[in-house]
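Accompanying notes for the structure given below.
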Amino acid sequence: MAPGTDRGVTVERVIPGGPAARAGLKEGDAILRLEKTRVEAPADLQAAVAGHRPGETIRLVVRRDDSRQRIKVALGAFGIWEGESEEPVRERLRRLLEGRFPHSEDS
């Protein structure tokens with residue numbers, strides 16, 4: 001890839017039936033932007049997603065093969081099970097972004 005070219009974050013797995021699959025994301029796509037935020041590393045993507053709530057629709061710019069595409073994704077509630085509050089999930093994400101993600105739920 002030429003210097004100065006957006007590299008993005010490569011989609012390694014798409015869960016069938018999940019928000020990414022429903023939006024049309026495919027394994028191998030490179031996410032370059034989430035809304036106005038440039039995505040160059042997984043932490044960029046995680047931080048940008050953390051600024052949005054489940055159910056919101058976000059806009060991505062992805063590179064697929066040699067073209068760029070705009071894709072809208074309705075965010076799911078990652079890690080939230082029926083009856084669970086969002087707060088434990090937000091705390092786990094905050095710890096992950098700070099590099100303090102526990103190895104178990106008891107930590």
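By convention here, the chains of the structure tokens are called A, B, ... in the order presented, each chain's residues are numbered starting at 1, and ligands are numbered starting at 1 in the order presented.
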
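With only C-alpha atoms taken into account, the protein and nucleic acid residues at most 8 Å from segment 28-44 of chain A (excluding it and anything under 5 positions from it in its own chain) are Asp6, Arg7, Gly8, Val9, Thr10, Val11, Glu12, Val49, Ile58, Arg59, Leu60, Val61, Val62, Arg63, Arg64, Asp65 and Leu97 of chain A.
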
Quiz prompt | Residues near His52 of chain A, cut-off 12 Å, only C-alpha atoms, skip fewer than 2 positions along chain, as an MDAnalysis selection string | solution = chainID A and resid 34:35 45:50 54:59 73:77 90

May I have the residues from that selection written out with C-alpha atoms, as a JSON list (two decimals), in the first residue's frame?
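The resulting file, part33.json, is shown below:
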```
[["chain", "number", "residue", "atom", "x", "y", "z"],
["A", 34, "LEU", "CA", -16.81, 5.73, 11.67],
["A", 35, "GLU", "CA", -18.85, 8.90, 11.23],
["A", 45, "LEU", "CA", -12.77, 1.79, 16.31],
["A", 46, "GLN", "CA", -13.58, 0.71, 19.88],
["A", 47, "ALA", "CA", -13.42, 4.29, 21.16],
["A", 48, "ALA", "CA", -15.60, 5.58, 18.32],
["A", 49, "VAL", "CA", -18.23, 2.87, 18.86],
["A", 50, "ALA", "CA", -18.20, 3.51, 22.63],
["A", 54, "PRO", "CA", -27.11, 0.44, 21.13],
["A", 55, "GLY", "CA", -29.82, 1.00, 18.55],
["A", 56, "GLU", "CA", -28.13, 4.05, 16.99],
["A", 57, "THR", "CA", -27.31, 3.91, 13.32],
["A", 58, "ILE", "CA", -23.74, 4.84, 12.49],
["A", 59, "ARG", "CA", -22.10, 5.48, 9.12],
["A", 73, "VAL", "CA", -24.89, -0.06, 10.68],
["A", 74, "ALA", "CA", -27.53, -0.19, 13.42],
["A", 75, "LEU", "CA", -25.51, -0.89, 16.56],
["A", 76, "GLY", "CA", -26.39, -3.93, 18.60],
["A", 77, "ALA", "CA", -26.02, -4.38, 22.34],
["A", 90, "ARG", "CA", -19.78, 0.10, 29.64]]
```

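Coordinates place atom CA of Gly17 of chain A at a distance of 19.3 Å from atom CA of Arg53 of chain A.
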
Exercise. To one decimal in Å, tell me the separation between atom CA of Arg22 of chain A and atom CA of Arg68 of chain A.
Key: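 Separating atom CA of Arg22 of chain A from atom CA of Arg68 of chain A is a distance of 18.5 Å.
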
Exercise. Just give me the gap between atom CA of Gln69 of chain A and atom CA of Pro16 of chain A in Å, one decimal is fine.
Key: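 Taking atom CA of Gln69 of chain A as the start and atom CA of Pro16 of chain A as the end point, the length is 20.5 Å.
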
Practice problem: Assign secondary structure with DSSP using the backbone only, and return the residues of segment 22-83 of chain A in helix (DSSP H, G or I) as a count of residues only. | Solution: 11
